[in-house]
Amino acid sequence: VLVTWGSSGCPPVVGSVEGSGNAGTVEFTTIEGQVCTMDMAPRATIVAFADGAVDDDEFPLTLVGGNLDGTVSVPARG
């Protein structure tokens with residue numbers, strides 16, 4: 001689960017998820033002309049990789065699009 005903060009009326013929409021070894025990328029859909037509310041709320045977005053696509057160790061997750069461009073660190077599982 002990826003937690004971001006922003007308009008509760010415009011939650012992130014996952015376009016694609018790619019992972020390989022010790023890195024992953026999530027591309028979000030940018031909806032042009034979308035009207036968003038002026039509040040600031042936590043937004044939980046499910047990001048799922050195929051089994052075995054990424055290592056169980058800590059890895060960087062690159063976020064692209066949807067005004068979420070950046071990189072976050074995903075902690076090790078297990």
# chains A, B, ... in the order shown; residues from 1 in each chain; ligands from 1
call {"tool": "closest_atom_pairs", "arguments": {"of": "range 20-45 of chain A", "to": "range 61-72 of chain A", "cutoff": "10 Å", "atoms": "only C-alpha atoms", "output": "Markdown table"}}
result
| residue | atom | partner | partner_atom | distance |
| --- | --- | --- | --- | --- |
| A:Asn22 | CA | A:Leu61 | CA | 9.2 |
| A:Ala23 | CA | A:Leu61 | CA | 6.1 |
| A:Gly24 | CA | A:Leu61 | CA | 4.8 |
| A:Thr25 | CA | A:Thr62 | CA | 4.6 |
| A:Val26 | CA | A:Leu63 | CA | 5.1 |
| A:Glu27 | CA | A:Val64 | CA | 4.7 |
| A:Phe28 | CA | A:Gly65 | CA | 4.9 |
| A:Thr29 | CA | A:Gly66 | CA | 5.7 |
| A:Thr30 | CA | A:Gly66 | CA | 4.6 |
| A:Ile31 | CA | A:Gly66 | CA | 7.6 |
| A:Glu32 | CA | A:Gly66 | CA | 9.7 |
call {"tool": "closest_residue", "arguments": {"among": "A:Gly9, A:Pro75, A:Gly15, A:Pro60", "to": "Val47 in chain A", "atoms": "only C-alpha atoms"}}
result
A:Gly15
call {"tool": "residues_around", "arguments": {"residues": "Gly52 in chain A", "least_positions_apart": "4", "cutoff": "12 Å", "atoms": "only C-alpha atoms", "output": "list in words"}}
result
Glu18, Gly19, Ser20, Gly21, Asn22, Gly24, Ala48, Asp56 and Asp57 of chain A
call {"tool": "write_last_selection", "arguments": {"atoms": "N, CA, C and O atoms", "output": "compact mmCIF listing (two decimals), in the first residue's frame"}}
result
# COMPACT_ATOMS: atom_id res chain seq x y z
N GLU A 18 5.74 -2.05 -12.88
CA GLU A 18 6.82 -2.88 -13.39
C GLU A 18 7.84 -3.08 -12.28
O GLU A 18 8.15 -2.15 -11.56
N GLY A 19 8.35 -4.29 -12.18
CA GLY A 19 9.37 -4.58 -11.18
C GLY A 19 10.34 -5.61 -11.71
O GLY A 19 9.96 -6.52 -12.44
N SER A 20 11.60 -5.44 -11.32
CA SER A 20 12.62 -6.40 -11.72
C SER A 20 13.75 -6.34 -10.72
O SER A 20 14.38 -5.30 -10.54
N GLY A 21 14.00 -7.46 -10.06
CA GLY A 21 15.12 -7.54 -9.11
C GLY A 21 14.98 -6.60 -7.95
O GLY A 21 14.10 -6.76 -7.11
N ASN A 22 15.84 -5.59 -7.91
CA ASN A 22 15.86 -4.69 -6.76
C ASN A 22 15.35 -3.29 -7.10
O ASN A 22 15.80 -2.31 -6.52
N GLY A 24 11.59 -1.04 -8.75
CA GLY A 24 10.23 -1.07 -9.28
C GLY A 24 9.81 0.31 -9.74
O GLY A 24 10.37 1.32 -9.31
N ALA A 48 0.60 -3.61 -6.63
CA ALA A 48 0.91 -5.04 -6.58
C ALA A 48 1.86 -5.44 -7.70
O ALA A 48 1.64 -5.10 -8.86
N ASP A 56 12.94 -9.53 -2.06
CA ASP A 56 12.38 -9.29 -0.73
C ASP A 56 13.18 -8.25 0.05
O ASP A 56 12.76 -7.83 1.11
N ASP A 57 14.34 -7.83 -0.48
CA ASP A 57 15.16 -6.82 0.18
C ASP A 57 14.59 -5.44 -0.09
O ASP A 57 13.76 -5.24 -0.96
call {"tool": "closest_residue", "arguments": {"among": "A:Ser16, A:Glu58, A:Ala50, A:Ser8", "to": "Val35 in chain A", "atoms": "only C-alpha atoms"}}
result
A:Ser8
call {"tool": "atom_distance", "arguments": {"atom1": "CA of Phe49 in chain A", "atom2": "CA of Pro11 in chain A"}}
result
19.9 Å
call {"tool": "closest_residue", "arguments": {"among": "A:Val74, A:Ala53, A:Met38, A:Ile46", "to": "Gly6 in chain A", "atoms": "only C-alpha atoms"}}
result
A:Met38
call {"tool": "atom_distance", "arguments": {"atom1": "CA of Met40 in chain A", "atom2": "CA of Ser73 in chain A"}}
result
22.9 Å
